[in-house]
Structures are given as C-alpha cells and as structure tokens.
Amino acid sequence: MSDRTKFKAACTLVLGGALILGTACSGTEGGGAWQGVMLDSAGMTVIHNPAEGMWIEGEQWTFQEELRVGSMEGEPAYQFGTIAGIDVDSRGRLFVLDQQAREVRVFSPQGEHLMTMGRPGAGPGELS
C-alpha cells in the first residue's frame with residue numbers, strides 16, 4: 001500500500017468518522033475458510049460477517065493515527081462544519097471540502113493549513 005493511500009485512508013477515518021473493520025482475505029490462513037453469508041436483497045449484495053475474525057492471533061488489523069487535522073476551538077481554518085469530501089494529491093497535500101463553509105481547505109502532509117479555496121456563492125470561484 002502506498003504512503004498516499006495510507007494517508008488518505010487515515011484522514012478519511014479521522015475526519016470522516018468512518019470505522020472500517022477488515023479481515024484478511026487469504027482463504028485458509030488463520031481460522032480457516034470465511035464463514036460469512038452473502039445475500040441478494042433487491043439487487044443489492046448484503047454481506048454478514050461472523051463475529052470472530054479469520055486472522056492469526058497477533059496479526060489482527062489495527063489502526064494507528066498518523067495525523068489529526070481539526071479542532072473544536074482555535075483557528076477557523078482547523079474548524080469544520082460538514083465534511084463532504086477528502087482527497088490527497090501526489091504531493092501528499094490533503095484537500096478537505098467543508099460543505100457548510102462552502103470552501104476547500106488545503107493542508108500540508110504535516111497538517112499545516114496552506115490555503116483555502118472558494119467561498120459561498122454562485123459565481124466564479126464560489127460554491128453553493
């Protein structure tokens with residue numbers, strides 16, 4: 001997994017509040033074959049995983065925070081309303097679309113606010 005992918009995933013977890021639980025998809029390693037159930041519900045696949053994972057003891061997936069951007073108090077550039085999108089460019093810069101503020105904030109790979117793009121409105125450079 002590239003550093004960019006790990007950075008993007010970590011930011012999604014911290015900023016988006018998403019919780020991802022995963023298991024290894026290696027077939028028969030660890031606890032044996034996958035014991036989950038896949039159902040088709042009106043054209044949508046629904047997956048039910050068992051309570052116990054398939055990993056070998058000590059090899060469970062874990063998450064480690066590498067960067068935190070945002071605060072409840074302090075500089076406005078670090079306060080978010082409704083985060084509608086997150087992306088990372090090839091230079092490792094983090095782009096956060098704050099739907100409530102109607103702007104995109106750009107942060108360095110170290111979490112330093114670099115710039116803000118856009119403003120509320122319906123004209124050029126404005127977001128509605």
# chains A, B, ... in the order shown; residues from 1 in each chain; ligands from 1
>>> residues_around(residues="range 95-108 of chain A", least_positions_apart="5", cutoff="7 Å", atoms="only C-alpha atoms", output="PyMOL selection string")
chain A and resi 80-88+113-120+127-128
>>> select_by_dssp(residues="range 15-122 of chain A", states="strand (DSSP E)", output="PyMOL selection string")
chain A and resi 37-41+44-48+83-88+94-98+103-107+113-117+119-120
>>> residues_around(residues="Pro50 in chain A", least_positions_apart="3", cutoff="10 Å", atoms="only C-alpha atoms", output="ChimeraX atom specification")
/A:34-37,47,53-54
>>> write_last_selection(atoms="N, CA and C atoms", output="PDB file, in the first residue's frame")
ATOM      1  N   TRP A  34     -13.656 -18.508   5.161  1.00  0.00           N
ATOM      2  CA  TRP A  34     -14.598 -17.464   5.577  1.00  0.00           C
ATOM      3  C   TRP A  34     -15.955 -18.091   5.853  1.00  0.00           C
ATOM      4  N   GLN A  35     -16.567 -17.717   6.963  1.00  0.00           N
ATOM      5  CA  GLN A  35     -17.830 -18.312   7.380  1.00  0.00           C
ATOM      6  C   GLN A  35     -19.011 -17.334   7.249  1.00  0.00           C
ATOM      7  N   GLY A  36     -18.810 -16.238   6.538  1.00  0.00           N
ATOM      8  CA  GLY A  36     -19.872 -15.260   6.381  1.00  0.00           C
ATOM      9  C   GLY A  36     -20.932 -15.699   5.387  1.00  0.00           C
ATOM     10  N   VAL A  37     -21.934 -14.837   5.203  1.00  0.00           N
ATOM     11  CA  VAL A  37     -23.047 -15.131   4.312  1.00  0.00           C
ATOM     12  C   VAL A  37     -23.254 -13.943   3.383  1.00  0.00           C
ATOM     13  N   ILE A  47     -23.642  -8.461   2.920  1.00  0.00           N
ATOM     14  CA  ILE A  47     -22.670  -9.393   3.488  1.00  0.00           C
ATOM     15  C   ILE A  47     -22.794  -9.386   4.996  1.00  0.00           C
ATOM     16  N   GLY A  53     -13.033 -13.113  13.728  1.00  0.00           N
ATOM     17  CA  GLY A  53     -12.257 -12.901  12.518  1.00  0.00           C
ATOM     18  C   GLY A  53     -11.465 -14.134  12.125  1.00  0.00           C
ATOM     19  N   MET A  54     -10.851 -14.093  10.943  1.00  0.00           N
ATOM     20  CA  MET A  54     -10.091 -15.222  10.424  1.00  0.00           C
ATOM     21  C   MET A  54      -8.593 -15.100  10.695  1.00  0.00           C
TER      22      MET A  54
END
>>> closest_residue(among="A:Gly92, A:Pro124, A:Gly43, A:Gly58", to="Glu112 in chain A", atoms="only C-alpha atoms")
A:Gly92
>>> atom_distance(atom1="CA of Arg68 in chain A", atom2="CA of Gly111 in chain A")
7.1 Å
